[in-house]
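The structure appears right after this line, and notes come after that.
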Amino acid sequence: MTALMGLGRKSDVVLALRDADVVAAALRQALAEASPQERPGLERAAALVESTAAATETQLRARWVRTRLAAAGFSGDIASVAAVKTLRQVEPRLSLLAAVQLQKDAVAYPE
């Protein structure tokens, strides 16, 4: 979901990449060609893609932070200094400024 700018140095830039429109188009095409048995599953998948596509960039960043922290085994308070420290350990190219901003996004959008 993210791309960090700059090679080998700290980065304050985190890009949110979206391809939900491509996935939605592929699902619409599959639905157009689907057998009656396939339709319910494809309709459910299309609904999930549409709901995910509605997320803001801040919500995407918040989701990414929570995913990265969970993958690192972090189970503490997202608003803590320990969360920023863990995020910077799992993403060493993040600057302190970027990590704090990402933390704020995650706090603003609890799951």
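Each chain in the structure tokens gets a letter, A, B, ..., in the order shown, and its residues are numbered from 1; ligands are numbered from 1 in order too.
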Discussion item. Taking only chain A into account, list the residues labelled strand (DSSP E) by DSSP (computed from the backbone), as a PyMOL selection string.
Written reply: chain A and resi 2-4+14-16
For the residues in that selection, give me all heavy atoms as a PDB file, in the first residue's frame.
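So the final result, stored in result.pdb, reads:
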```
ATOM      1  N   THR A   2       2.064   1.180   0.478  1.00  0.00           N
ATOM      2  CA  THR A   2       2.850   2.402   0.533  1.00  0.00           C
ATOM      3  C   THR A   2       4.096   2.289  -0.307  1.00  0.00           C
ATOM      4  O   THR A   2       4.593   1.216  -0.588  1.00  0.00           O
ATOM      5  CB  THR A   2       3.289   2.732   1.965  1.00  0.00           C
ATOM      6  OG1 THR A   2       4.118   1.682   2.407  1.00  0.00           O
ATOM      7  CG2 THR A   2       2.129   2.945   2.869  1.00  0.00           C
ATOM      8  N   ALA A   3       4.574   3.425  -0.670  1.00  0.00           N
ATOM      9  CA  ALA A   3       5.878   3.539  -1.311  1.00  0.00           C
ATOM     10  C   ALA A   3       6.600   4.648  -0.575  1.00  0.00           C
ATOM     11  O   ALA A   3       6.047   5.715  -0.356  1.00  0.00           O
ATOM     12  CB  ALA A   3       5.716   3.888  -2.780  1.00  0.00           C
ATOM     13  N   LEU A   4       7.800   4.379  -0.166  1.00  0.00           N
ATOM     14  CA  LEU A   4       8.572   5.380   0.550  1.00  0.00           C
ATOM     15  C   LEU A   4       9.524   6.038  -0.428  1.00  0.00           C
ATOM     16  O   LEU A   4      10.226   5.371  -1.182  1.00  0.00           O
ATOM     17  CB  LEU A   4       9.345   4.753   1.710  1.00  0.00           C
ATOM     18  CG  LEU A   4       8.471   4.090   2.771  1.00  0.00           C
ATOM     19  CD1 LEU A   4       9.337   3.402   3.803  1.00  0.00           C
ATOM     20  CD2 LEU A   4       7.585   5.101   3.441  1.00  0.00           C
ATOM     21  N   VAL A  14       4.725   9.294   2.549  1.00  0.00           N
ATOM     22  CA  VAL A  14       4.108   7.978   2.430  1.00  0.00           C
ATOM     23  C   VAL A  14       2.962   8.119   1.447  1.00  0.00           C
ATOM     24  O   VAL A  14       2.077   8.947   1.634  1.00  0.00           O
ATOM     25  CB  VAL A  14       3.587   7.461   3.787  1.00  0.00           C
ATOM     26  CG1 VAL A  14       2.913   6.115   3.616  1.00  0.00           C
ATOM     27  CG2 VAL A  14       4.730   7.374   4.786  1.00  0.00           C
ATOM     28  N   LEU A  15       3.001   7.354   0.388  1.00  0.00           N
ATOM     29  CA  LEU A  15       1.968   7.413  -0.641  1.00  0.00           C
ATOM     30  C   LEU A  15       0.961   6.297  -0.437  1.00  0.00           C
ATOM     31  O   LEU A  15       1.348   5.153  -0.195  1.00  0.00           O
ATOM     32  CB  LEU A  15       2.590   7.262  -2.034  1.00  0.00           C
ATOM     33  CG  LEU A  15       3.636   8.279  -2.437  1.00  0.00           C
ATOM     34  CD1 LEU A  15       4.231   7.897  -3.784  1.00  0.00           C
ATOM     35  CD2 LEU A  15       3.044   9.661  -2.483  1.00  0.00           C
ATOM     36  N   ALA A  16      -0.302   6.621  -0.551  1.00  0.00           N
ATOM     37  CA  ALA A  16      -1.355   5.609  -0.511  1.00  0.00           C
ATOM     38  C   ALA A  16      -1.698   5.257  -1.957  1.00  0.00           C
ATOM     39  O   ALA A  16      -2.048   6.125  -2.747  1.00  0.00           O
ATOM     40  CB  ALA A  16      -2.579   6.143   0.212  1.00  0.00           C
TER      41      ALA A  16
END
```
Discussion item. So that I can check the surroundings of Leu102 of chain A, please list as a ChimeraX atom specification every protein, DNA and RNA residue that reaches within 8 Å of it, counting only C-alpha atoms and ignoring chain neighbours fewer than 2 positions away.
Written reply: /A:61-62,65,98-100,104-106
Item to complete: Can you list, as an NGL selection string, all residues belonging to chain A that DSSP tags as alpha helix (DSSP H)?
Response: :A and (20-33 or 39-53 or 57-71 or 81-90 or 96-108)
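Straight-line separation from atom CA of Tyr109 of chain A to atom CA of Leu94 of chain A: 20.4 Å.
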